[in-house]
Amino acid sequence: MLSKALLRLGASAARHPWRVIAAWLIAATLAVLAAIAFGGRTADSMTAPGLDSQRAAELIERAGTGQEGMTAQVVVTPLDGAATFFDDDSARTALTRLRAEVKRLPHVLGTSDPAGALDAPGDTTVRGGLVSADGRIAVIRVQYPDQSRLSAEDLDALVDLGDRLRAELPLRIEMGGNLFYAFSDPDGGASELIGLLAAAAILFLAFGSLVAAALPIGMAVFGLTVGVATMTVLAGVTEVPTFAPVLGSMVGLGVGIDYALFVLARHREYLACGLDPQAAAGRAVATAGRPVVFAGGTVVVSILGLAVANVPFMTVGGVAVSIVVLTMVLASVTLLPAFLGAAGPRLARAGRIGRALQTRKLGRLAQRRDPAAGAAHAAGWRRWIGHVSQHPVPYAVGAAALLLTATLPVLGLRVGLPDDGSLPQSRTERRAYDLVAEGFGPGTNGPLVIAADPTGDPGVLDRLVATVAADPGIASVAPTHIDRATGIATLVVFPTTSPQDKATADTIARLRTDVLPTAIGHGPARAHVGGAAASLSDVGQRTSQRLPVFVAAVLAMSFLLLMLVFRSILVPLKAVLLNLLSIGAAYGIMVAVFQWGWGGALIGLEATVPIVSFIPMFLFAILFGLSMDYEVFLLSRVREEYLRTGDNGTAIVEGVSRTARIITSAALIMVAVFLSFAVAEDPSTKMFGLGLATAIFIDATVVRMVLVPATMALLGRTNWWLPKWLDWMLPRGPVGTDDTDAESTGEAPRPRLVDR
């Protein structure tokens, strides 16, 4: 049985703490060394098989025009705001030197020549995208090979060149392009430190002991080091998206500290009962560790379910984050009990400062001790849960109405990808974006690339250019480039709207369904719309189409697992529905903040943006798994009380009140960790941080402390109803809620309620 194995594992780690700690130190060192020797850089390839944008990319690659590679753009304007490149010789000379030095950078295939446009000021076709009509803004487009041949060093070389030339040339120099998107360091670092400090403060207030507060933090740092280093090694084998380390750190810190908190709280209870530290650690891992293993497994399975979207970068990102979560689960049942054994009996008492802070924090709420379980819990929690259980209807209806109201904005959810215009003004990408939009129009920041194979129809290219240029969503069309060897043509077209604008997605759809078929007709020629904006739009559509299938799969899996664990039909059904409510409310709040701008300034959001296309699916996977942490931890305790007393009302009050303080502390830690990422510069990181923090807060307060006791009180003994035939068919619970596991940890079992 799992509980017996965990009991032996935890007790052994506590008896030989320094061996286990040394093993983890060696593992962390080896992981870091492997990351240095074999690790790779994260990179983004927002494509997926079968998409129209992917077909366009394949045609461009066949043609070998170079447009399949990475690009950057250097945007310049004279330092004298009144001057223009047309009438300022020093600015023109500086522009020529700047282009020459950029062209000499490693791996640069070529650059555009704004000086050519200045020599032909009447040729607006040549000038488009190079020098603005008023001559104030010039753009040097830099072409690189495909991403596999580049690294962050190429971005560093371009940025360093810009920093040097800013001091030497009479030009304002800003830079942007997908080279920055692919190789800029993801947000993190400071956010992780802020999250750790906040978690340490909450843990100290919860336990009143510096030692008790330090152990979960130490365990999480160990686990995060091993997990992120392993993720880096994975990046050397396959393409890991840039958001994976940030998301892995965010989720890893949250679940790692939470899991450690659950085990540590049980350990202190057993110490208070008089058990020695080694026995208490073994018993804590066997009881609290079972829900940790199950909850961590649920998180991993939910995240790995992202493969159903058939979007490679999401699948790999899910694998990378799962590695961190698995590492935290392993650390919770091996490294943490070693820490507990090394700490000895000191964890049973709070320090003098901790006792004073706890006394002030608790105020008039007197703590009472239950000798049977050895757990101290606030009488206020018992009174609150008892009150909700006695008035279940108004609380259930009110809480459900509140969450449904918060969910309503989801009806206006719009997916896309925030462009550089959503970055803060402190970033050069944002300043370059603004200059390009000012000089050439917003659509110049997100050009579309139409790849056409005119096989069998030589006149198709003229018709294609004419029909595309006539579309109201297209501002201009650059000269067609035709590869002589393959005959494949590429057209760079500039929409009238910005990359993140919904109108741009509408233009892409119209080009595919109306414009291109009209130009090509029924002949053998074919054309596809590509480019970064088209790729991201396609990925958004695919994830939206696959989201219902993914949600249904996760819900079914969670229902079956919870039914197996708790030997009930109604408990898992209720859990699934309540988790949907909390996640829906989090989605609604994200829409209100990011699309409507409500309170966006509080997290540094300077403009409204669409929800990143892949975030809703990622958030659902992570949040459904994380919400199961609290569900399993809380219901496992309710189940224990029900097996001990046989009374549903007592089990609800005792089980929920005994876990309330721990769940509240755990939720505060997760919220603090996630909110520390919500103030990052990148809008995608903000969305992950705010979405996770909001959902966890709602789940741990409205759902766990109101809806769960209210609905369980309404259902009464039928909470644990299971048809006899189904009980006979199901195997024993994998996290030990059956009688045998209760016996293995010293709990007195009671018969399950089944349909006889």
# chains A, B, ... in the order shown; residues from 1 in each chain; ligands from 1

$ residues_around --residues "segment 663-670 of chain A" --least-positions-apart "6" --cutoff "9 Å" --atoms "only C-alpha atoms" --output "PyMOL selection string"
chain A and resi 195-196+198-200+202-203+205-206+250-251+253-255+257-259+261-262+630+633-634+692-693+696-697+699-701+704

$ atom_distance --atom1 "atom CA of Phe243 of chain A" --atom2 "atom CA of Ile583 of chain A"
20.9 Å

$ select_by_dssp --residues "segment 151-326 of chain A" --states "alpha helix (DSSP H)" --output "count of residues only"
137

$ closest_residue --among "A:Ala281, A:Ala309, A:Leu461, A:Ile385" --to "Pro479 of chain A" --atoms "only C-alpha atoms"
A:Leu461

$ residues_around --residues "Ser151 of chain A" --least-positions-apart "5" --cutoff "9 Å" --atoms "only C-alpha atoms" --output "list in words"
Arg41, Ala43 and Phe183 of chain A

$ write_last_selection --atoms "N, CA and C atoms" --output "PDB file, in the first residue's frame"
ATOM      1  N   ARG A  41      19.287  26.972 -24.662  1.00  0.00           N
ATOM      2  CA  ARG A  41      18.499  28.163 -24.389  1.00  0.00           C
ATOM      3  C   ARG A  41      17.051  27.910 -24.790  1.00  0.00           C
ATOM      4  N   ALA A  43      13.548  28.840 -26.498  1.00  0.00           N
ATOM      5  CA  ALA A  43      13.233  29.510 -27.756  1.00  0.00           C
ATOM      6  C   ALA A  43      11.768  29.261 -28.080  1.00  0.00           C
ATOM      7  N   PHE A 183      14.858  35.412 -27.939  1.00  0.00           N
ATOM      8  CA  PHE A 183      16.044  35.227 -27.108  1.00  0.00           C
ATOM      9  C   PHE A 183      16.156  36.185 -25.926  1.00  0.00           C
TER      10      PHE A 183
END

$ residues_around --residues "Asp420 of chain A" --least-positions-apart "6" --cutoff "7 Å" --atoms "only C-alpha atoms" --output "MDAnalysis selection string"
chainID A and resid 429:430 433

$ write_last_selection --atoms "C-alpha atoms" --output "short mmCIF file (atom, residue, chain, number, x, y, z; two decimals), in the first residue's frame"
data_model
loop_
_atom_site.label_atom_id
_atom_site.label_comp_id
_atom_site.auth_asym_id
_atom_site.auth_seq_id
_atom_site.Cartn_x
_atom_site.Cartn_y
_atom_site.Cartn_z
CA GLU A 429 11.16 47.04 -28.18
CA ARG A 430 8.24 49.23 -27.06
CA TYR A 433 7.21 49.75 -31.91
#

$ atom_distance --atom1 "atom CA of Ala475 of chain A" --atom2 "atom CA of Gly530 of chain A"
16.9 Å

$ residues_around --residues "segment 68-75 of chain A" --least-positions-apart "4" --cutoff "6 Å" --atoms "only C-alpha atoms" --output "PyMOL selection string"
chain A and resi 60-61+138-146+173-179+432

$ residues_around --residues "segment 706-719 of chain A" --least-positions-apart "2" --cutoff "7 Å" --atoms "only C-alpha atoms" --output "list in words"
Ile385, Val388, Ser389, Pro392, Tyr395, Ala396, Ala399, Ser568, Leu570, Val571, Asn648, Gly649, Ile652, Val702, Val703, Arg704 and Trp721 of chain A

$ select_by_dssp --residues "segment 260-500 of chain A" --states "strand (DSSP E or B)" --output "PyMOL selection string"
chain A and resi 367-370+375-378+415-416+448-453+474-477+481-482+489-495

$ write_last_selection --atoms "N, CA and C atoms" --output "short mmCIF file (atom, residue, chain, number, x, y, z; two decimals), in the first residue's frame"
data_model
loop_
_atom_site.label_atom_id
_atom_site.label_comp_id
_atom_site.auth_asym_id
_atom_site.auth_seq_id
_atom_site.Cartn_x
_atom_site.Cartn_y
_atom_site.Cartn_z
N GLN A 367 -7.25 29.16 21.13
CA GLN A 367 -6.95 27.87 20.52
C GLN A 367 -7.28 26.76 21.51
N ARG A 368 -7.81 25.67 21.00
CA ARG A 368 -8.09 24.52 21.83
C ARG A 368 -7.41 23.29 21.24
N ARG A 369 -7.01 22.37 22.09
CA ARG A 369 -6.26 21.20 21.65
C ARG A 369 -7.14 19.96 21.72
N ASP A 370 -7.14 19.19 20.66
CA ASP A 370 -7.88 17.92 20.61
C ASP A 370 -6.91 16.80 20.96
N ALA A 375 -4.08 18.06 17.52
CA ALA A 375 -4.05 19.20 16.62
C ALA A 375 -4.63 20.42 17.30
N ALA A 376 -3.93 21.54 17.16
CA ALA A 376 -4.44 22.79 17.70
C ALA A 376 -5.07 23.58 16.56
N HIS A 377 -6.30 24.00 16.73
CA HIS A 377 -6.94 24.77 15.67
C HIS A 377 -7.82 25.84 16.30
N ALA A 378 -8.01 26.92 15.62
CA ALA A 378 -8.74 28.06 16.17
C ALA A 378 -10.22 27.73 16.32
N VAL A 415 -8.82 35.86 -27.72
CA VAL A 415 -7.44 35.37 -27.65
C VAL A 415 -6.61 36.02 -28.74
N GLY A 416 -5.35 36.12 -28.49
CA GLY A 416 -4.41 36.71 -29.43
C GLY A 416 -3.04 36.67 -28.80
N LEU A 448 2.49 40.50 -42.79
CA LEU A 448 2.11 39.15 -43.19
C LEU A 448 2.96 38.74 -44.39
N VAL A 449 3.25 37.47 -44.48
CA VAL A 449 4.04 36.96 -45.61
C VAL A 449 3.18 35.95 -46.35
N ILE A 450 2.85 36.26 -47.59
CA ILE A 450 2.07 35.36 -48.42
C ILE A 450 3.03 34.58 -49.32
N ALA A 451 3.02 33.28 -49.18
CA ALA A 451 3.86 32.42 -50.01
C ALA A 451 2.99 31.77 -51.07
N ALA A 452 3.40 31.89 -52.34
CA ALA A 452 2.58 31.38 -53.45
C ALA A 452 3.42 30.50 -54.37
N ASP A 453 2.82 29.40 -54.77
CA ASP A 453 3.43 28.51 -55.76
C ASP A 453 2.57 28.60 -57.01
N ILE A 474 -5.55 45.83 -45.89
CA ILE A 474 -4.14 45.87 -46.27
C ILE A 474 -3.75 47.30 -46.62
N ALA A 475 -2.67 47.78 -45.97
CA ALA A 475 -2.20 49.14 -46.21
C ALA A 475 -1.29 49.22 -47.43
N SER A 476 -0.39 48.24 -47.57
CA SER A 476 0.55 48.27 -48.69
C SER A 476 1.11 46.88 -48.93
N VAL A 477 1.65 46.70 -50.13
CA VAL A 477 2.27 45.43 -50.51
C VAL A 477 3.67 45.72 -51.01
N HIS A 481 8.96 38.94 -54.35
CA HIS A 481 10.24 38.27 -54.52
C HIS A 481 9.97 36.88 -55.07
N ILE A 482 10.59 36.54 -56.23
CA ILE A 482 10.38 35.25 -56.88
C ILE A 482 11.70 34.48 -56.89
N ALA A 489 6.90 32.42 -54.98
CA ALA A 489 6.91 33.87 -54.77
C ALA A 489 6.51 34.19 -53.34
N THR A 490 7.10 35.24 -52.80
CA THR A 490 6.72 35.71 -51.46
C THR A 490 6.33 37.18 -51.54
N LEU A 491 5.21 37.48 -50.90
CA LEU A 491 4.72 38.86 -50.83
C LEU A 491 4.66 39.27 -49.36
N VAL A 492 5.34 40.35 -49.05
CA VAL A 492 5.24 40.92 -47.71
C VAL A 492 4.17 42.01 -47.76
N VAL A 493 3.11 41.82 -46.97
CA VAL A 493 2.00 42.77 -46.98
C VAL A 493 1.83 43.34 -45.58
N PHE A 494 1.42 44.60 -45.51
CA PHE A 494 1.30 45.30 -44.24
C PHE A 494 -0.17 45.61 -43.96
N PRO A 495 -0.72 45.05 -42.90
CA PRO A 495 -2.11 45.35 -42.56
C PRO A 495 -2.27 46.80 -42.11
#

$ residues_around --residues "Val410 of chain A" --least-positions-apart "4" --cutoff "9 Å" --atoms "only C-alpha atoms" --output "list in words"
Ala406, Arg414, Gly584, Ala585, Tyr587, Gly588, Ile589, Met590, Val591 and Ala592 of chain A

$ atom_distance --atom1 "atom CA of Arg104 of chain A" --atom2 "atom CA of Asp154 of chain A"
11.9 Å

$ decode --residues "segment 319-330 of chain A" --atoms "N, CA, C and O atoms" --output "PDB file, in the first residue's frame"
ATOM      1  N   VAL A 319       5.598  19.392 -20.508  1.00  0.00           N
ATOM      2  CA  VAL A 319       6.563  18.416 -19.994  1.00  0.00           C
ATOM      3  C   VAL A 319       7.576  19.107 -19.081  1.00  0.00           C
ATOM      4  O   VAL A 319       7.918  18.599 -17.999  1.00  0.00           O
ATOM      5  N   ALA A 320       8.052  20.280 -19.490  1.00  0.00           N
ATOM      6  CA  ALA A 320       9.046  20.996 -18.696  1.00  0.00           C
ATOM      7  C   ALA A 320       8.490  21.390 -17.333  1.00  0.00           C
ATOM      8  O   ALA A 320       9.165  21.226 -16.305  1.00  0.00           O
ATOM      9  N   VAL A 321       7.274  21.918 -17.289  1.00  0.00           N
ATOM     10  CA  VAL A 321       6.676  22.308 -16.012  1.00  0.00           C
ATOM     11  C   VAL A 321       6.404  21.071 -15.161  1.00  0.00           C
ATOM     12  O   VAL A 321       6.575  21.096 -13.931  1.00  0.00           O
ATOM     13  N   SER A 322       5.996  19.972 -15.786  1.00  0.00           N
ATOM     14  CA  SER A 322       5.724  18.741 -15.045  1.00  0.00           C
ATOM     15  C   SER A 322       6.977  18.216 -14.348  1.00  0.00           C
ATOM     16  O   SER A 322       6.894  17.645 -13.258  1.00  0.00           O
ATOM     17  N   ILE A 323       8.131  18.400 -14.980  1.00  0.00           N
ATOM     18  CA  ILE A 323       9.388  17.965 -14.356  1.00  0.00           C
ATOM     19  C   ILE A 323       9.590  18.670 -13.021  1.00  0.00           C
ATOM     20  O   ILE A 323       9.976  18.054 -12.020  1.00  0.00           O
ATOM     21  N   VAL A 324       9.298  19.966 -12.975  1.00  0.00           N
ATOM     22  CA  VAL A 324       9.465  20.726 -11.737  1.00  0.00           C
ATOM     23  C   VAL A 324       8.489  20.234 -10.677  1.00  0.00           C
ATOM     24  O   VAL A 324       8.845  20.063  -9.506  1.00  0.00           O
ATOM     25  N   VAL A 325       7.227  19.995 -11.069  1.00  0.00           N
ATOM     26  CA  VAL A 325       6.227  19.536 -10.103  1.00  0.00           C
ATOM     27  C   VAL A 325       6.604  18.165  -9.541  1.00  0.00           C
ATOM     28  O   VAL A 325       6.524  17.926  -8.327  1.00  0.00           O
ATOM     29  N   LEU A 326       7.015  17.253 -10.410  1.00  0.00           N
ATOM     30  CA  LEU A 326       7.431  15.923  -9.942  1.00  0.00           C
ATOM     31  C   LEU A 326       8.618  16.012  -8.981  1.00  0.00           C
ATOM     32  O   LEU A 326       8.686  15.277  -7.983  1.00  0.00           O
ATOM     33  N   THR A 327       9.540  16.906  -9.282  1.00  0.00           N
ATOM     34  CA  THR A 327      10.679  17.089  -8.390  1.00  0.00           C
ATOM     35  C   THR A 327      10.225  17.560  -7.014  1.00  0.00           C
ATOM     36  O   THR A 327      10.744  17.110  -5.978  1.00  0.00           O
ATOM     37  N   MET A 328       9.244  18.459  -6.983  1.00  0.00           N
ATOM     38  CA  MET A 328       8.729  18.955  -5.704  1.00  0.00           C
ATOM     39  C   MET A 328       8.015  17.852  -4.922  1.00  0.00           C
ATOM     40  O   MET A 328       8.124  17.777  -3.695  1.00  0.00           O
ATOM     41  N   VAL A 329       7.288  16.984  -5.601  1.00  0.00           N
ATOM     42  CA  VAL A 329       6.634  15.862  -4.919  1.00  0.00           C
ATOM     43  C   VAL A 329       7.679  14.939  -4.305  1.00  0.00           C
ATOM     44  O   VAL A 329       7.572  14.521  -3.144  1.00  0.00           O
ATOM     45  N   LEU A 330       8.714  14.618  -5.074  1.00  0.00           N
ATOM     46  CA  LEU A 330       9.772  13.751  -4.570  1.00  0.00           C
ATOM     47  C   LEU A 330      10.476  14.384  -3.372  1.00  0.00           C
ATOM     48  O   LEU A 330      10.770  13.707  -2.377  1.00  0.00           O
TER      49      LEU A 330
END
